[in-house]
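Chemist: Data: coords21.txt, compact mmCIF, C-alpha atoms and all ligand atoms.
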```txt
# COMPACT_ATOMS: atom_id res chain seq x y z
CA MET A 23 124.27 80.81 115.07
CA THR A 24 121.57 80.75 117.74
CA THR A 25 120.92 84.09 119.42
CA ILE A 26 120.51 83.84 123.18
CA ALA A 27 119.00 86.48 125.46
CA VAL A 28 119.43 86.41 129.23
CA LEU A 29 116.41 88.07 130.83
CA GLY A 30 117.52 89.56 134.16
CA ALA A 31 121.29 89.87 134.43
CA GLY A 32 121.72 89.57 138.20
CA LYS A 33 124.14 87.14 139.87
CA ILE A 34 123.10 84.00 138.00
CA GLY A 35 122.35 85.81 134.71
CA GLU A 36 125.77 87.48 134.73
CA ALA A 37 127.51 84.20 135.63
CA LEU A 38 125.85 82.57 132.62
CA LEU A 39 126.75 85.45 130.28
CA SER A 40 130.32 85.31 131.53
CA GLY A 41 130.50 81.52 131.01
CA LEU A 42 129.02 81.75 127.52
CA CYS A 43 131.55 84.45 126.58
CA SER A 44 134.45 82.41 127.99
CA ALA A 45 133.21 79.36 126.08
CA GLY A 46 133.72 81.35 122.89
CA ARG A 47 130.13 82.31 121.99
CA ALA A 48 130.16 85.25 119.60
CA ARG A 49 129.24 88.47 121.46
CA GLU A 50 126.78 89.42 118.72
CA ASP A 51 124.81 86.22 119.44
CA LEU A 52 124.28 87.21 123.07
CA LEU A 53 121.86 89.79 124.51
CA PHE A 54 120.59 90.63 127.97
CA THR A 55 117.83 92.63 129.62
CA GLU A 56 118.35 94.56 132.83
CA ARG A 57 116.28 97.18 134.67
CA HIS A 58 119.09 99.48 135.85
CA PRO A 59 120.89 101.45 133.11
CA GLU A 60 124.15 101.74 135.12
CA ARG A 61 124.26 97.97 135.68
CA ALA A 62 123.47 97.40 131.98
CA ALA A 63 126.31 99.72 130.92
CA GLU A 64 128.69 97.98 133.33
CA LEU A 65 127.84 94.54 131.89
CA THR A 66 128.15 95.71 128.28
CA GLU A 67 131.56 97.19 129.14
CA ARG A 68 132.66 93.99 130.93
CA TYR A 69 131.48 91.41 128.35
CA GLY A 70 130.87 93.37 125.15
CA VAL A 71 127.30 92.04 125.06
CA GLY A 72 124.31 94.14 123.97
CA HIS A 73 121.63 95.37 126.36
CA VAL A 74 118.10 95.39 124.94
CA GLY A 75 114.49 95.72 126.09
CA LEU A 76 112.41 92.59 126.45
CA ALA A 77 110.47 93.10 123.20
CA GLU A 78 113.71 93.35 121.22
CA ALA A 79 115.15 90.33 123.05
CA VAL A 80 112.11 88.29 121.96
CA ARG A 81 112.36 89.56 118.41
CA ARG A 82 116.07 88.82 118.01
CA ALA A 83 116.71 85.73 120.13
CA GLU A 84 115.64 82.13 119.57
CA VAL A 85 116.52 81.21 123.15
CA LEU A 86 115.20 83.28 126.07
CA ILE A 87 116.82 82.47 129.42
CA VAL A 88 114.74 83.74 132.32
CA ALA A 89 116.99 84.61 135.28
CA VAL A 90 114.78 86.92 137.36
CA LYS A 91 113.77 86.10 140.94
CA PRO A 92 110.63 83.93 141.15
CA GLN A 93 108.72 86.87 142.69
CA ASP A 94 109.36 88.91 139.51
CA ILE A 95 108.18 86.19 137.14
CA ASP A 96 104.60 87.37 136.62
CA ALA A 97 105.61 90.66 135.02
CA VAL A 98 108.19 88.96 132.79
CA LEU A 99 105.73 86.25 131.72
CA ALA A 100 103.08 88.83 130.88
CA GLU A 101 105.55 90.72 128.68
CA LEU A 102 106.81 87.52 127.05
CA ALA A 103 103.24 86.41 126.31
CA GLU A 104 102.61 89.75 124.64
CA HIS A 105 105.67 89.63 122.39
CA ILE A 106 106.22 85.96 121.52
CA THR A 107 104.67 85.34 118.10
CA GLU A 108 106.74 82.40 116.81
CA ARG A 109 108.27 79.27 118.38
CA LYS A 110 110.86 80.16 121.02
CA LEU A 111 112.82 78.14 123.51
CA VAL A 112 112.24 79.57 126.99
CA VAL A 113 114.72 78.38 129.61
CA SER A 114 113.80 79.05 133.22
CA LEU A 115 116.50 79.24 135.88
CA CYS A 116 113.87 80.22 138.45
CA ALA A 117 113.92 77.99 141.51
CA GLY A 118 110.68 76.13 142.12
CA LEU A 119 108.68 77.36 139.12
CA PRO A 120 107.09 74.50 137.13
CA THR A 121 107.25 74.42 133.33
CA ALA A 122 103.43 74.24 133.40
CA LEU A 123 103.31 77.81 134.77
CA PHE A 124 105.19 79.07 131.67
CA GLU A 125 103.17 76.88 129.32
CA ARG A 126 99.88 78.16 130.71
CA THR A 127 100.90 81.78 130.17
CA LEU A 128 102.96 81.68 126.96
CA PRO A 129 101.63 81.00 123.46
CA ARG A 130 100.68 77.37 122.81
CA GLY A 131 103.63 75.26 121.68
CA THR A 132 106.33 77.35 123.38
CA ALA A 133 109.20 75.05 124.34
CA VAL A 134 110.10 75.39 128.01
CA VAL A 135 113.10 73.88 129.77
CA ARG A 136 113.42 74.18 133.53
CA VAL A 137 116.88 74.37 135.05
CA MET A 138 117.96 74.15 138.67
CA PRO A 139 121.44 75.66 138.81
CA ASN A 140 123.50 76.44 141.91
CA THR A 141 125.73 79.30 143.03
CA PRO A 142 129.08 77.72 142.05
CA MET A 143 127.98 78.84 138.57
CA LEU A 144 129.63 82.11 139.66
CA VAL A 145 133.03 80.34 139.46
CA GLY A 146 132.22 78.09 136.49
CA GLU A 147 131.59 75.03 138.69
CA ALA A 148 127.80 74.84 138.65
CA MET A 149 125.79 71.69 139.03
CA ALA A 150 122.64 72.11 136.99
CA ALA A 151 119.71 69.75 136.44
CA VAL A 152 117.46 70.23 133.41
CA SER A 153 113.92 69.02 132.69
CA GLY A 154 111.91 69.51 129.54
CA GLY A 155 108.34 70.77 129.53
CA ALA A 156 105.52 69.42 127.35
CA HIS A 157 106.76 71.03 124.10
CA ALA A 158 110.52 70.75 124.62
CA ALA A 159 112.17 68.62 121.94
CA GLU A 160 115.33 66.56 122.37
CA SER A 161 117.20 69.24 120.37
CA ASP A 162 115.98 71.93 122.86
CA LEU A 163 117.28 69.94 125.82
CA ALA A 164 120.56 69.23 124.03
CA LEU A 165 121.02 72.94 123.30
CA VAL A 166 120.36 73.91 126.94
CA GLU A 167 122.82 71.24 128.10
CA GLU A 168 125.44 72.60 125.72
CA LEU A 169 124.91 76.17 127.01
CA LEU A 170 125.09 75.12 130.65
CA ALA A 171 128.22 73.04 130.07
CA SER A 172 130.07 76.37 129.75
CA VAL A 173 129.44 77.06 133.47
CA GLY A 174 129.75 73.59 135.00
CA LYS A 175 128.14 70.16 134.87
CA VAL A 176 124.62 69.27 133.74
CA VAL A 177 122.33 66.30 134.32
CA ARG A 178 118.88 65.63 132.91
CA VAL A 179 116.12 64.67 135.38
CA PRO A 180 112.36 64.17 135.16
CA GLU A 181 110.64 67.36 136.33
CA GLY A 182 109.12 65.45 139.27
CA GLN A 183 112.64 65.16 140.73
CA GLN A 184 113.38 68.90 140.62
CA ASP A 185 112.32 69.44 144.26
CA ALA A 186 114.80 66.76 145.37
CA VAL A 187 117.48 68.31 143.13
CA THR A 188 116.77 71.71 144.69
CA ALA A 189 117.45 70.18 148.11
CA LEU A 190 120.57 68.26 147.01
CA SER A 191 122.56 70.46 144.65
CA GLY A 192 120.59 73.73 144.89
CA SER A 193 120.96 73.98 148.64
CA GLY A 194 123.99 71.65 148.73
CA PRO A 195 126.65 74.38 148.63
CA ALA A 196 125.05 75.99 151.72
CA TYR A 197 125.42 72.73 153.64
CA PHE A 198 129.10 72.48 152.68
CA PHE A 199 129.61 76.13 153.73
CA TYR A 200 127.94 75.30 157.05
CA LEU A 201 130.25 72.31 157.62
CA VAL A 202 133.32 74.39 156.76
CA GLU A 203 132.14 77.13 159.15
CA ALA A 204 131.71 74.57 161.96
CA MET A 205 135.14 73.02 161.30
CA ILE A 206 136.79 76.46 161.37
CA ASP A 207 135.08 77.05 164.74
CA ALA A 208 136.63 73.79 165.93
CA GLY A 209 140.04 75.11 164.89
CA ILE A 210 139.46 78.28 166.92
CA LEU A 211 138.49 76.14 169.94
CA LEU A 212 141.77 74.26 169.55
CA GLY A 213 143.73 77.53 169.56
CA ILE A 214 144.47 77.89 165.83
CA PRO A 215 144.18 81.49 164.50
CA ARG A 216 141.02 81.95 162.37
CA ALA A 217 142.89 82.69 159.14
CA THR A 218 145.05 79.57 159.51
CA ALA A 219 142.05 77.41 160.46
CA ALA A 220 140.16 78.70 157.42
CA GLU A 221 143.09 77.94 155.12
CA LEU A 222 143.47 74.42 156.54
CA ILE A 223 139.79 73.61 156.20
CA VAL A 224 139.05 75.28 152.86
CA GLN A 225 142.00 73.59 151.15
CA SER A 226 141.00 70.26 152.75
CA ALA A 227 137.51 70.75 151.29
CA VAL A 228 138.94 71.56 147.84
CA GLY A 229 141.28 68.54 148.01
CA ALA A 230 138.52 66.18 149.18
CA ALA A 231 136.20 67.48 146.44
CA ALA A 232 138.89 66.93 143.79
CA MET A 233 139.43 63.34 145.05
CA LEU A 234 135.69 62.70 144.94
CA ARG A 235 135.32 64.12 141.45
CA ASP A 236 138.56 63.15 139.73
CA GLY A 237 139.62 59.98 141.56
CA ASP A 238 137.96 56.63 141.11
CA GLY A 239 137.16 56.07 144.79
CA HIS A 240 133.76 55.86 146.41
CA PRO A 241 133.22 58.26 149.39
CA VAL A 242 133.17 55.29 151.78
CA MET A 243 136.48 53.95 150.42
CA LEU A 244 138.09 57.39 150.58
CA ARG A 245 136.99 57.81 154.21
CA GLU A 246 138.11 54.32 155.18
CA ALA A 247 141.54 55.04 153.70
CA VAL A 248 142.11 57.80 156.28
CA THR A 249 140.50 55.91 159.18
CA SER A 250 143.29 53.81 160.74
CA PRO A 251 142.77 51.36 163.59
CA ALA A 252 142.75 53.13 166.97
CA GLY A 253 143.63 56.34 165.11
CA THR A 254 142.51 59.95 165.34
CA THR A 255 139.91 59.91 162.55
CA ILE A 256 137.88 57.05 164.05
CA ALA A 257 137.79 58.89 167.39
CA GLY A 258 136.18 61.82 165.57
CA ILE A 259 133.84 59.61 163.51
CA ARG A 260 132.50 58.04 166.72
CA GLU A 261 131.46 61.52 167.89
CA LEU A 262 129.78 62.27 164.53
CA GLU A 263 127.82 59.01 164.81
CA LYS A 264 126.96 59.65 168.48
CA HIS A 265 125.53 63.06 167.53
CA GLY A 266 123.50 61.64 164.66
CA VAL A 267 125.16 63.82 162.02
CA ARG A 268 124.33 61.40 159.18
CA ALA A 269 120.64 61.32 160.17
CA ALA A 270 120.65 65.12 160.61
CA LEU A 271 121.94 65.60 157.05
CA ILE A 272 119.34 63.21 155.64
CA ASP A 273 116.59 65.02 157.59
CA ALA A 274 117.91 68.44 156.50
CA ILE A 275 117.80 67.48 152.83
CA GLU A 276 114.35 65.97 153.20
CA ALA A 277 113.13 69.18 154.90
CA ALA A 278 114.59 71.27 152.05
CA ARG A 279 112.81 69.04 149.49
CA ASN A 280 109.52 69.45 151.41
CA ARG A 281 109.94 73.23 151.49
CA SER A 282 110.60 73.27 147.74
CA VAL A 283 107.34 71.33 147.19
CA GLU A 284 105.51 73.86 149.38
CA LEU A 285 106.95 76.84 147.47
CA GLY A 286 106.09 75.23 144.11
CA ALA A 287 102.52 74.58 145.30
CA ALA A 288 102.13 78.33 145.83
CA HIS A 289 102.32 78.73 142.02
CA GLU A 290 99.99 75.87 141.15
CA GLY A 291 96.90 78.01 140.91
CA ASP A 292 98.67 80.90 139.13
N1 LIG B 301 121.55 82.65 143.30
C1 LIG B 301 121.36 81.34 143.46
O1 LIG B 301 121.95 80.67 144.27
C2 LIG B 301 120.40 80.59 142.61
C3 LIG B 301 120.46 79.20 142.58
C4 LIG B 301 119.53 78.53 141.80
C5 LIG B 301 118.57 79.23 141.08
N2 LIG B 301 118.57 80.58 141.13
C6 LIG B 301 117.55 81.29 140.40
O2 LIG B 301 118.16 82.20 139.51
C7 LIG B 301 117.30 83.32 139.38
C8 LIG B 301 118.12 84.58 139.54
O3 LIG B 301 118.68 84.60 140.85
P1 LIG B 301 119.82 85.65 141.22
O4 LIG B 301 120.38 85.20 142.51
O5 LIG B 301 120.71 85.88 140.04
O6 LIG B 301 118.91 86.95 141.46
P2 LIG B 301 119.30 88.49 141.26
O7 LIG B 301 120.75 88.69 141.50
O8 LIG B 301 118.30 89.28 142.03
O9 LIG B 301 119.06 88.70 139.69
C9 LIG B 301 117.81 88.89 139.10
C10 LIG B 301 117.97 90.08 138.17
O10 LIG B 301 116.82 90.20 137.35
C11 LIG B 301 116.50 91.59 137.29
N3 LIG B 301 115.10 91.74 136.90
C12 LIG B 301 113.97 91.51 137.61
N4 LIG B 301 112.87 91.76 136.88
C13 LIG B 301 113.32 92.15 135.66
C14 LIG B 301 112.67 92.55 134.46
N5 LIG B 301 111.34 92.60 134.37
N6 LIG B 301 113.45 92.88 133.39
C15 LIG B 301 114.79 92.84 133.48
N7 LIG B 301 115.47 92.48 134.59
C16 LIG B 301 114.73 92.14 135.65
C17 LIG B 301 116.79 92.06 138.69
O11 LIG B 301 116.83 93.47 138.75
P3 LIG B 301 116.62 94.21 140.19
O12 LIG B 301 117.99 94.25 140.78
O13 LIG B 301 116.07 95.53 139.81
O14 LIG B 301 115.66 93.40 140.99
C18 LIG B 301 118.14 91.40 138.93
O15 LIG B 301 119.20 92.11 138.32
C19 LIG B 301 116.20 83.19 140.44
O16 LIG B 301 115.00 82.81 139.82
C20 LIG B 301 116.68 82.09 141.33
O17 LIG B 301 115.62 81.29 141.81
C21 LIG B 301 119.46 81.28 141.88
```
I need this file expressed as structure tokens, please.

Modeler:
Amino acid sequence: MTTIAVLGAGKIGEALLSGLCSAGRAREDLLFTERHPERAAELTERYGVGHVGLAEAVRRAEVLIVAVKPQDIDAVLAELAEHITERKLVVSLCAGLPTALFERTLPRGTAVVRVMPNTPMLVGEAMAAVSGGAHAAESDLALVEELLASVGKVVRVPEGQQDAVTALSGSGPAYFFYLVEAMIDAGILLGIPRATAAELIVQSAVGAAAMLRDGDGHPVMLREAVTSPAGTTIAGIRELEKHGVRAALIDAIEAARNRSVELGAAHEGD
């Protein structure tokens, strides 16, 4: 079996370990690195997975999944470069970091796969997009897709689209949270207690998401089905159109894409 090491077991690293365990991966094929001994002990207790130092992770694992914050990457890359002596598959979950950054620093021929996950990974409902670097083979990409399938859905995109993906599915959950927050505020304005308003809106969001994902309808058809002539929904839709909500969402996602490009550019000369 392939041994997998998660480097940096914070929120995303733990979510991945948890998903891999739930998907039935043997505990002895999983390892993680972590700076704080108490946190490491807690994770070993929770998942039965071994905590190791980075050098041992490199020695024992064929797949190294980097899940540290982008600002911590330089130290991790320097250590990886020191210890990698044979072909490894390095999988980066770090937002905005190009595969070229890893390839420049790591030994020639190291396979790198870049992943943009999102926070619903914490509940096994991630949307992740993967892109292969210069030395990533089809089998590397297939393996990463298989691993990520244990914590949600996966699509493959050219690396040039990763900034757009960051804006769409990376930041996407935040936009849905923002909409839910605004709709709960509307409930408060209309005199509904906060807890009730939250329950009404959150379950409506879950139901709408399930219809979008599991039904065979297009979003336009689903919306039209609840928009009756002279009804309540169309009165609300007119206000959304008047306030330019559609254009605001398009602009917001474009701004997020532009910011991702800017942040990536900061690493170009690294
Ligand atoms: N959370 C998200 O929504 C999200 C979405 C998409 C992508 N990502 C990406 O996922 C990565 C992880 O994000 P996160 O939210 O899980 O961050 P996090 O909770 O801060 O986790 C990072 C973990 O790595 C540890 N770490 C840092 N340097 C290390 C080293 N040299 N050796 C061992 N452990 C080390 C950190 O320890 P300390 O606590 O000591 O710093 C922390 O436990 C980031 O690159 C981020 O861009 C996150």

Chemist: What does the distance from CA of Val134 (chain A) to CA of Val166 (chain A) come to in Å, to one decimal?

Modeler: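 Taking CA of Val134 (chain A) and CA of Val166 (chain A), their separation equals 10.4 Å.
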
Chemist: Contacts between ligand LIG 301 (chain B) and chain A, please, where a residue of chain A counts if it comes within 7 Å (with only C-alpha atoms and all ligand atoms); show its shortest atom pair and distance in Å to one decimal, rows by chain and ascending number, as CSV.

Modeler:
```
residue,atom,partner,partner_atom,distance
A:Leu29,CA,B:LIG301,C15,5.7
A:Gly30,CA,B:LIG301,O10,3.3
A:Ala31,CA,B:LIG301,O15,5.0
A:Gly32,CA,B:LIG301,O9,3.2
A:Lys33,CA,B:LIG301,O5,3.7
A:Ile34,CA,B:LIG301,O5,3.7
A:Gly35,CA,B:LIG301,O5,5.6
A:Thr55,CA,B:LIG301,C15,4.9
A:Glu56,CA,B:LIG301,N7,4.0
A:Arg57,CA,B:LIG301,C15,4.7
A:His58,CA,B:LIG301,O13,6.4
A:Ala89,CA,B:LIG301,C7,4.3
A:Val90,CA,B:LIG301,O10,3.9
A:Lys91,CA,B:LIG301,O16,3.7
A:Pro92,CA,B:LIG301,O16,4.7
A:Asp94,CA,B:LIG301,N4,5.2
A:Ala97,CA,B:LIG301,N5,6.1
A:Val98,CA,B:LIG301,N5,5.1
A:Leu115,CA,B:LIG301,O2,5.0
A:Cys116,CA,B:LIG301,O16,3.1
A:Ala117,CA,B:LIG301,O17,3.7
A:Met138,CA,B:LIG301,C4,5.6
A:Pro139,CA,B:LIG301,C4,4.6
A:Asn140,CA,B:LIG301,C3,4.2
A:Thr141,CA,B:LIG301,O1,4.2
A:Gly192,CA,B:LIG301,C4,5.8
```

Chemist: Grab the residues selected above and save them as a PDB file, in the frame of the given file with C-alpha atoms.

Modeler:
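Saved result, selection19.pdb, follows:
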```
ATOM      1  CA  LEU A  29     116.410  88.070 130.830  1.00  0.00           C
ATOM      2  CA  GLY A  30     117.520  89.560 134.160  1.00  0.00           C
ATOM      3  CA  ALA A  31     121.290  89.870 134.430  1.00  0.00           C
ATOM      4  CA  GLY A  32     121.720  89.570 138.200  1.00  0.00           C
ATOM      5  CA  LYS A  33     124.140  87.140 139.870  1.00  0.00           C
ATOM      6  CA  ILE A  34     123.100  84.000 138.000  1.00  0.00           C
ATOM      7  CA  GLY A  35     122.350  85.810 134.710  1.00  0.00           C
ATOM      8  CA  THR A  55     117.830  92.630 129.620  1.00  0.00           C
ATOM      9  CA  GLU A  56     118.350  94.560 132.830  1.00  0.00           C
ATOM     10  CA  ARG A  57     116.280  97.180 134.670  1.00  0.00           C
ATOM     11  CA  HIS A  58     119.090  99.480 135.850  1.00  0.00           C
ATOM     12  CA  ALA A  89     116.990  84.610 135.280  1.00  0.00           C
ATOM     13  CA  VAL A  90     114.780  86.920 137.360  1.00  0.00           C
ATOM     14  CA  LYS A  91     113.770  86.100 140.940  1.00  0.00           C
ATOM     15  CA  PRO A  92     110.630  83.930 141.150  1.00  0.00           C
ATOM     16  CA  ASP A  94     109.360  88.910 139.510  1.00  0.00           C
ATOM     17  CA  ALA A  97     105.610  90.660 135.020  1.00  0.00           C
ATOM     18  CA  VAL A  98     108.190  88.960 132.790  1.00  0.00           C
ATOM     19  CA  LEU A 115     116.500  79.240 135.880  1.00  0.00           C
ATOM     20  CA  CYS A 116     113.870  80.220 138.450  1.00  0.00           C
ATOM     21  CA  ALA A 117     113.920  77.990 141.510  1.00  0.00           C
ATOM     22  CA  MET A 138     117.960  74.150 138.670  1.00  0.00           C
ATOM     23  CA  PRO A 139     121.440  75.660 138.810  1.00  0.00           C
ATOM     24  CA  ASN A 140     123.500  76.440 141.910  1.00  0.00           C
ATOM     25  CA  THR A 141     125.730  79.300 143.030  1.00  0.00           C
ATOM     26  CA  GLY A 192     120.590  73.730 144.890  1.00  0.00           C
TER      27      GLY A 192
END
```

Chemist: Quick check, in Å to one decimal: how far apart do CA of Arg216 (chain A) and CA of Thr255 (chain A) lie?

Modeler: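 About the pair CA of Arg216 (chain A) and CA of Thr255 (chain A): they are 22.1 Å apart.
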
Chemist: What gap, in Å, lies between CA of Gly131 (chain A) and CA of Glu168 (chain A)?

Modeler: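 So the answer is 22.3 Å.
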
Chemist: Applying 10 Å and only C-alpha atoms, which residues near Glu181 (chain A) remain after dropping the ones on its own chain fewer than 6 positions away? List them as a list of chain:residue names.

Modeler: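 Here the qualifying residues turn out to be A:Pro120, A:Thr121, A:Val135, A:Arg136, A:Val137, A:Ala151, A:Val152, A:Ser153, A:Gly154, A:Gly155, A:Val187.
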
Chemist: Go ahead and save the residues from that selection, with C-alpha atoms, as a tab-separated table (two decimals), in the frame of the given file.

Modeler:
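See part-v6.tsv below for the written result:
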```
chain	number	residue	atom	x	y	z
A	120	PRO	CA	107.09	74.50	137.13
A	121	THR	CA	107.25	74.42	133.33
A	135	VAL	CA	113.10	73.88	129.77
A	136	ARG	CA	113.42	74.18	133.53
A	137	VAL	CA	116.88	74.37	135.05
A	151	ALA	CA	119.71	69.75	136.44
A	152	VAL	CA	117.46	70.23	133.41
A	153	SER	CA	113.92	69.02	132.69
A	154	GLY	CA	111.91	69.51	129.54
A	155	GLY	CA	108.34	70.77	129.53
A	187	VAL	CA	117.48	68.31	143.13
```

Chemist: I need the residue nearest Ala171 (chain A) from this list: A:Met205, A:Leu99, A:Val80, A:Leu38. Use only C-alpha atoms for the distance.

Modeler: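 Result for the nearest residue to Ala171 (chain A): A:Leu38.
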
Chemist: Which residue, A:Asp236, A:Glu147, A:Glu221, A:Glu104, has the smallest gap to Pro195 (chain A) when you use only C-alpha atoms?

Modeler: A:Glu147

Chemist: Contacts of Leu271 (chain A) at 12 Å or less, counting all atoms listed in the file, minus same-chain residues fewer than 5 places along, as a list in words?

Modeler: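 Non-adjacent residues within range: Ala189, Leu190, Ser193, Gly194, Tyr197, Phe198, Tyr200, Leu201, Leu262, Glu263, His265, Gly266, Glu276, Ala277 and Ala278 of chain A.
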
Chemist: Using only C-alpha atoms, which residues sit within 9 Å of Leu86 (chain A) once same-chain residues fewer than 6 positions away are excluded, as a PyMOL selection string?

Modeler: chain A and resi 25-29+79-80+110-114

Chemist: Can you tell me, as an NGL selection string, what residues are no more than 12 Å from Ala288 (chain A) when counting only C-alpha atoms, ignoring any on the same chain fewer than 6 positions away?

Modeler: :A and (92-93 or 118-120 or 123 or 281-282)

Chemist: How would the residues just chosen look if you wrote them out with C-alpha atoms as a PDB file, in the frame of the given file?

Modeler:
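File produced: out.pdb:
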```
ATOM      1  CA  PRO A  92     110.630  83.930 141.150  1.00  0.00           C
ATOM      2  CA  GLN A  93     108.720  86.870 142.690  1.00  0.00           C
ATOM      3  CA  GLY A 118     110.680  76.130 142.120  1.00  0.00           C
ATOM      4  CA  LEU A 119     108.680  77.360 139.120  1.00  0.00           C
ATOM      5  CA  PRO A 120     107.090  74.500 137.130  1.00  0.00           C
ATOM      6  CA  LEU A 123     103.310  77.810 134.770  1.00  0.00           C
ATOM      7  CA  ARG A 281     109.940  73.230 151.490  1.00  0.00           C
ATOM      8  CA  SER A 282     110.600  73.270 147.740  1.00  0.00           C
TER       9      SER A 282
END
```

Chemist: Neighbouring residues of Val202 (chain A) were defined as those with any atom within 12 Å, considering all atoms listed in the file; residues of the same chain fewer than 6 positions away were excluded. Please report them as a list in words.

Modeler: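 Residues meeting the cut-off are Pro195, Ala196, Ala208, Gly209, Ala219, Ala220, Glu221, Leu222, Ile223, Val224, Gln225, Ser226, Ala227 and Val228 of chain A.
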
Chemist: For a quick check of understanding, using only C-alpha atoms, which of A:Val88, A:Ala204, A:Ala287, A:Ala83 has the smallest distance to Thr24 (chain A)?

Modeler: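 With only C-alpha atoms as the atom set, the closest residue is A:Ala83.
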
Chemist: Using only C-alpha atoms for the distances, tell me which of A:Leu144, A:Arg49, A:Arg81, A:Ser172 is nearest to Glu67 (chain A).

Modeler: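 Once distances to Glu67 (chain A) are computed over only C-alpha atoms, the minimum belongs to A:Arg49.
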
Chemist: Check the smallest atom-to-atom distance from each of A:Ile272, A:Ala62, A:Ala158, A:Val173 to Gly75 (chain A) using only C-alpha atoms, then report the winner.

Modeler: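 Of A:Ile272, A:Ala62, A:Ala158, A:Val173, the one nearest Gly75 (chain A), counting only C-alpha atoms, is A:Ala62.
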